[in-house]
Amino acid sequence: MIDLKLLQKDFEGVKRALLRRGVDEKLIEELRIKHEKLKEAKAEFERLQAAQNAMSKEFGIYKREGKDISELKKRVDENKIKIADALEVQRLRQEELEKLAMSIPNIPDPDVPDGEDEDDNVELKRVLEPRTFDFKPKEHWELAEQNGWIDFERGVKIAGSRFSVAYNEGARIERALINFMLDYNRKRGFVEVSVPHIVNRASLEGTGQLPKFEEDLYKIEGQEMYLIPTAEVPLTNLFRDEILPPDELPLKMTGFTACFRKEAGAAGRDTRGIIRQHQFPKVELVCITKPEESDKVFDEMVETASGILTELGLPHRLVQLCTGDLGFSAAKTVDLEVWLPGQNIYREISSVSNTRDFQARRAKIRFKDGKKNTLVHTLNGSALAVGRTMVAIMENYQNEDGTITIPEALKQYM
């Protein structure tokens, strides 16, 4: 959630930042109005409370002087009712403001480039040169079917569209990738954590998926419980409503989970293969840091995700997202896009985001900063999306006869 104190202090600055993200100006104006109404309610409550304090002092004076207190008592009792009413108005207006604020995205960092969509993202650098083929490379679904790695038809039969079944070497390479990624991350200081794949509503509110993206989530019928869209949710919420000792920061975690999302891209896009699935395996990085350390940790996370791709020999590039392409909770994001020769294009395989204190404010994650409690910064990123890494291996390591060479880094895991 955006900082409501900052809204009060610098409304025009917050407005300019949100307009860069394409937030509707009417919504921003509504936010301002609700904030002003809350200020008015607080001022009225404080006025009535001050009057109550003044009358309480009068009580003492009246008693010492032996005056009749009946009229004063009547005024005090009437004021108590007004105070209770004013407190309720203040509570309701606070709820209204926070409800609206929960639907407002994070403020982008000043250095995030302006833009409307992915076409305005900025390439930062490329890592490894794509292989030159002396034959026309196939796309991954052809290779998967030819090698018996993935069965798309049976996935649809047992579940539905955008589900698949990995077989034999396909299943083994999926498991090998998970172990390789977790080991790689662990060697770089990320603590491995195994978390539930089902979380409560408060957890999804804490990281920003709720209330805005409820339609994209799989909900357990009759319960306020949901299948996770990413391990970012349980890993970040491990520390919800906690005040952390400063010497424990940064907390650097990695975990493998299945992820579940109803939203699977635009209609007709990526309907073949495993680029977009409703259930997919992913290894995640989540970090919780002091504000002054978050930029350094962000760079480490990008380097870690890039390092995995480099170890696997997969050409990729780093792209900074523009304001119009940022995720809801992100203040800054760098995508890693892997080269897919079958499609002759770079495709996203990881997004590393710094949410600053946006999620921490929603989830109430703080640390002891001297005598005061300060919001942490939270960061998250894929390292990596396992299915898309399989796709990249199939397409980049294919041979003319359709067989696929196993990358050297994975052989010890096979």
# chains A, B, ... in the order shown; residues from 1 in each chain; ligands from 1
call {"tool": "select_by_dssp", "arguments": {"residues": "range 39-268 of chain A", "states": "strand (DSSP E or B)", "output": "PyMOL selection string"}}
result
chain A and resi 122-127+150-151+165-166+191-192+198-200+219+225-227+242-244+251-260
call {"tool": "residues_around", "arguments": {"residues": "Glu300 in chain A", "least_positions_apart": "6", "cutoff": "10 Å", "atoms": "only C-alpha atoms", "output": "VMD selection string"}}
result
chain A and resid 188 294 306
call {"tool": "closest_atom_pairs", "arguments": {"of": "range 59-135 of chain A", "to": "range 325-331 of chain A", "cutoff": "12 Å", "atoms": "only C-alpha atoms", "output": "CSV"}}
result
residue,atom,partner,partner_atom,distance
A:Met102,CA,A:Ser329,CA,10.4
A:Ser103,CA,A:Phe328,CA,9.0
A:Ile104,CA,A:Phe328,CA,8.1
A:Pro105,CA,A:Phe328,CA,4.9
A:Asn106,CA,A:Ser329,CA,5.2
A:Ile107,CA,A:Ala331,CA,5.8
A:Pro108,CA,A:Ala331,CA,4.2
A:Asp109,CA,A:Ala331,CA,5.4
A:Pro110,CA,A:Ala331,CA,9.1
A:Asp111,CA,A:Ala331,CA,9.9
A:Val112,CA,A:Ala331,CA,8.2
A:Pro113,CA,A:Asp325,CA,10.2
A:Asp114,CA,A:Asp325,CA,9.5
A:Gly115,CA,A:Asp325,CA,7.7
A:Glu116,CA,A:Asp325,CA,6.8
A:Asp117,CA,A:Asp325,CA,4.9
A:Glu118,CA,A:Asp325,CA,5.8
A:Asp119,CA,A:Asp325,CA,9.0
A:Asp120,CA,A:Asp325,CA,8.4
A:Asn121,CA,A:Asp325,CA,7.7
A:Val122,CA,A:Asp325,CA,11.1
call {"tool": "write_last_selection", "arguments": {"atoms": "C-alpha atoms", "output": "PDB file, in the first residue's frame"}}
result
ATOM      1  CA  MET A 102      -5.389  -1.163  -1.371  1.00  0.00           C
ATOM      2  CA  SER A 103      -6.377  -0.911  -5.048  1.00  0.00           C
ATOM      3  CA  ILE A 104      -3.703   1.699  -5.888  1.00  0.00           C
ATOM      4  CA  PRO A 105      -0.425   0.335  -7.341  1.00  0.00           C
ATOM      5  CA  ASN A 106       3.028   1.113  -6.013  1.00  0.00           C
ATOM      6  CA  ILE A 107       4.813   4.357  -6.837  1.00  0.00           C
ATOM      7  CA  PRO A 108       7.514   3.717  -9.479  1.00  0.00           C
ATOM      8  CA  ASP A 109      11.132   4.578  -8.755  1.00  0.00           C
ATOM      9  CA  PRO A 110      12.242   7.848 -10.383  1.00  0.00           C
ATOM     10  CA  ASP A 111      14.674   6.020 -12.691  1.00  0.00           C
ATOM     11  CA  VAL A 112      12.005   3.692 -14.131  1.00  0.00           C
ATOM     12  CA  PRO A 113      11.525   4.676 -17.788  1.00  0.00           C
ATOM     13  CA  ASP A 114       8.151   6.071 -18.833  1.00  0.00           C
ATOM     14  CA  GLY A 115       6.110   3.963 -21.216  1.00  0.00           C
ATOM     15  CA  GLU A 116       2.747   2.366 -21.943  1.00  0.00           C
ATOM     16  CA  ASP A 117       3.548  -1.329 -22.374  1.00  0.00           C
ATOM     17  CA  GLU A 118       6.281  -3.914 -23.049  1.00  0.00           C
ATOM     18  CA  ASP A 119       7.217  -2.184 -26.298  1.00  0.00           C
ATOM     19  CA  ASP A 120       8.636   0.687 -24.221  1.00  0.00           C
ATOM     20  CA  ASN A 121      10.830  -1.490 -21.980  1.00  0.00           C
ATOM     21  CA  VAL A 122      14.575  -0.810 -22.098  1.00  0.00           C
TER      22      VAL A 122
END
call {"tool": "atom_distance", "arguments": {"atom1": "CA of Met1 in chain A", "atom2": "CA of Glu40 in chain A"}}
result
22.0 Å
call {"tool": "select_by_dssp", "arguments": {"residues": "range 70-284 of chain A", "states": "helix (DSSP H, G or I)", "output": "PyMOL selection string"}}
result
chain A and resi 70-101+118-120+140-147+152-158+168-187+201-207+214-216+232-237+246-248
call {"tool": "residues_around", "arguments": {"residues": "range 383-397 of chain A", "least_positions_apart": "4", "cutoff": "9 Å", "atoms": "only C-alpha atoms", "output": "short mmCIF file (atom, residue, chain, number, x, y, z; two decimals) with C-alpha atoms, in the first residue's frame"}}
result
data_model
loop_
_atom_site.label_atom_id
_atom_site.label_comp_id
_atom_site.auth_asym_id
_atom_site.auth_seq_id
_atom_site.Cartn_x
_atom_site.Cartn_y
_atom_site.Cartn_z
CA PRO A 130 22.65 -17.30 -29.51
CA ARG A 131 23.72 -20.46 -31.32
CA PRO A 137 15.12 -25.16 -35.31
CA LYS A 138 11.85 -26.63 -34.10
CA GLU A 139 9.59 -25.15 -31.45
CA HIS A 140 9.49 -26.81 -28.05
CA TRP A 141 6.10 -28.54 -28.39
CA LEU A 143 10.46 -31.50 -29.68
CA ALA A 144 8.55 -32.43 -26.52
CA GLY A 170 10.91 -34.65 -19.35
CA ILE A 173 14.87 -32.86 -16.32
CA GLU A 174 12.13 -30.91 -14.53
CA LEU A 177 16.27 -28.20 -12.87
CA ILE A 178 14.51 -27.69 -9.53
CA MET A 181 18.29 -24.01 -9.13
CA LEU A 182 17.80 -24.52 -5.39
CA ASN A 185 20.65 -20.20 -4.94
CA THR A 254 14.63 -19.48 -1.92
CA GLY A 273 3.17 -25.87 -25.37
CA ILE A 274 4.00 -24.97 -21.78
CA ILE A 275 4.83 -21.26 -21.97
CA ARG A 276 1.56 -20.39 -20.19
CA PHE A 280 3.54 -24.53 -13.28
CA PRO A 281 6.68 -25.24 -11.21
CA LYS A 282 8.86 -22.31 -10.18
CA VAL A 283 11.84 -21.63 -7.93
CA GLU A 284 11.53 -18.25 -6.23
CA LEU A 285 13.83 -15.76 -4.51
CA MET A 301 18.98 -11.26 -7.13
CA VAL A 302 19.25 -10.24 -10.79
CA THR A 304 21.67 -14.89 -9.34
CA ALA A 305 18.88 -15.45 -11.87
CA SER A 306 21.21 -14.50 -14.72
CA ILE A 308 21.59 -19.81 -13.49
CA LEU A 309 20.91 -19.16 -17.17
CA LEU A 312 22.96 -23.67 -18.29
CA GLY A 313 24.44 -22.04 -21.39
CA LEU A 314 21.22 -20.23 -22.27
CA PRO A 315 21.53 -16.86 -24.05
CA VAL A 338 15.77 -16.16 -22.58
CA TRP A 339 16.46 -16.73 -26.27
CA LEU A 340 14.13 -19.26 -27.95
CA PRO A 341 15.47 -20.13 -31.42
CA GLY A 342 12.35 -22.10 -32.38
CA GLN A 343 10.29 -18.93 -31.95
CA ARG A 347 10.80 -14.58 -23.88
CA GLU A 348 10.47 -13.66 -20.21
CA ILE A 349 11.77 -16.33 -17.84
CA SER A 350 12.19 -14.26 -14.67
CA SER A 351 10.99 -10.97 -13.18
CA VAL A 352 12.98 -9.52 -10.29
CA THR A 403 17.10 -35.23 -30.11
CA ILE A 404 18.08 -32.92 -27.26
CA THR A 405 21.50 -32.67 -25.62
CA ILE A 406 21.47 -32.34 -21.82
CA PRO A 407 23.34 -29.22 -20.59
#
call {"tool": "residues_around", "arguments": {"residues": "Glu123 in chain A", "least_positions_apart": "5", "cutoff": "9 Å", "atoms": "only C-alpha atoms", "output": "list in words"}}
result
Arg317, Leu318, Val319, Gln320 and Leu321 of chain A
call {"tool": "atom_distance", "arguments": {"atom1": "CA of Val156 in chain A", "atom2": "CA of Ile220 in chain A"}}
result
21.4 Å
call {"tool": "residues_around", "arguments": {"residues": "Gln279 in chain A", "least_positions_apart": "2", "cutoff": "12 Å", "atoms": "only C-alpha atoms", "output": "number ranges by chain"}}
result
A: 155, 159-165, 197, 217-218, 227-230, 257-264, 274-277, 281-282, 385-387
call {"tool": "write_last_selection", "arguments": {"atoms": "C-alpha atoms", "output": "mmCIF file, in the first residue's frame"}}
result
data_model
loop_
_atom_site.group_PDB
_atom_site.id
_atom_site.type_symbol
_atom_site.label_atom_id
_atom_site.label_comp_id
_atom_site.auth_asym_id
_atom_site.auth_seq_id
_atom_site.Cartn_x
_atom_site.Cartn_y
_atom_site.Cartn_z
ATOM 1 C CA GLY A 155 -2.985 -33.230 -19.467
ATOM 2 C CA ALA A 159 -7.522 -31.529 -15.905
ATOM 3 C CA GLY A 160 -8.337 -29.206 -18.807
ATOM 4 C CA SER A 161 -6.751 -26.795 -21.250
ATOM 5 C CA ARG A 162 -3.323 -25.398 -20.326
ATOM 6 C CA PHE A 163 -2.368 -28.463 -18.285
ATOM 7 C CA SER A 164 0.236 -31.059 -19.339
ATOM 8 C CA VAL A 165 2.006 -34.195 -18.120
ATOM 9 C CA HIS A 197 0.879 -24.160 -1.508
ATOM 10 C CA LEU A 217 -6.724 -16.854 -8.234
ATOM 11 C CA TYR A 218 -7.957 -20.377 -7.516
ATOM 12 C CA LEU A 227 -3.860 -21.817 -4.131
ATOM 13 C CA ILE A 228 -0.706 -19.718 -4.374
ATOM 14 C CA PRO A 229 0.048 -17.843 -7.626
ATOM 15 C CA THR A 230 3.755 -17.728 -6.652
ATOM 16 C CA THR A 257 6.507 -24.519 -5.308
ATOM 17 C CA ALA A 258 3.900 -25.295 -7.859
ATOM 18 C CA CYS A 259 2.080 -22.090 -8.826
ATOM 19 C CA PHE A 260 -1.564 -21.744 -9.845
ATOM 20 C CA ARG A 261 -3.085 -18.974 -11.955
ATOM 21 C CA LYS A 262 -6.366 -18.719 -13.828
ATOM 22 C CA GLU A 263 -5.084 -15.859 -15.965
ATOM 23 C CA ALA A 264 -2.941 -17.286 -18.704
ATOM 24 C CA ILE A 274 3.999 -24.974 -21.782
ATOM 25 C CA ILE A 275 4.829 -21.257 -21.972
ATOM 26 C CA ARG A 276 1.559 -20.388 -20.191
ATOM 27 C CA GLN A 277 -0.006 -23.002 -17.927
ATOM 28 C CA PRO A 281 6.677 -25.240 -11.206
ATOM 29 C CA LYS A 282 8.865 -22.306 -10.182
ATOM 30 C CA ALA A 385 10.408 -20.527 -13.982
ATOM 31 C CA VAL A 386 11.103 -24.253 -14.438
ATOM 32 C CA GLY A 387 8.811 -24.909 -17.402
#
call {"tool": "closest_residue", "arguments": {"among": "A:Glu12, A:Ser203, A:Arg186, A:His35", "to": "Asp241 in chain A", "atoms": "only C-alpha atoms"}}
result
A:Ser203
call {"tool": "closest_residue", "arguments": {"among": "A:Asp134, A:Glu30, A:Glu293, A:Glu408", "to": "Leu100 in chain A", "atoms": "only C-alpha atoms"}}
result
A:Glu30
call {"tool": "atom_distance", "arguments": {"atom1": "CA of Trp149 in chain A", "atom2": "CA of Tyr167 in chain A"}}
result
5.0 Å
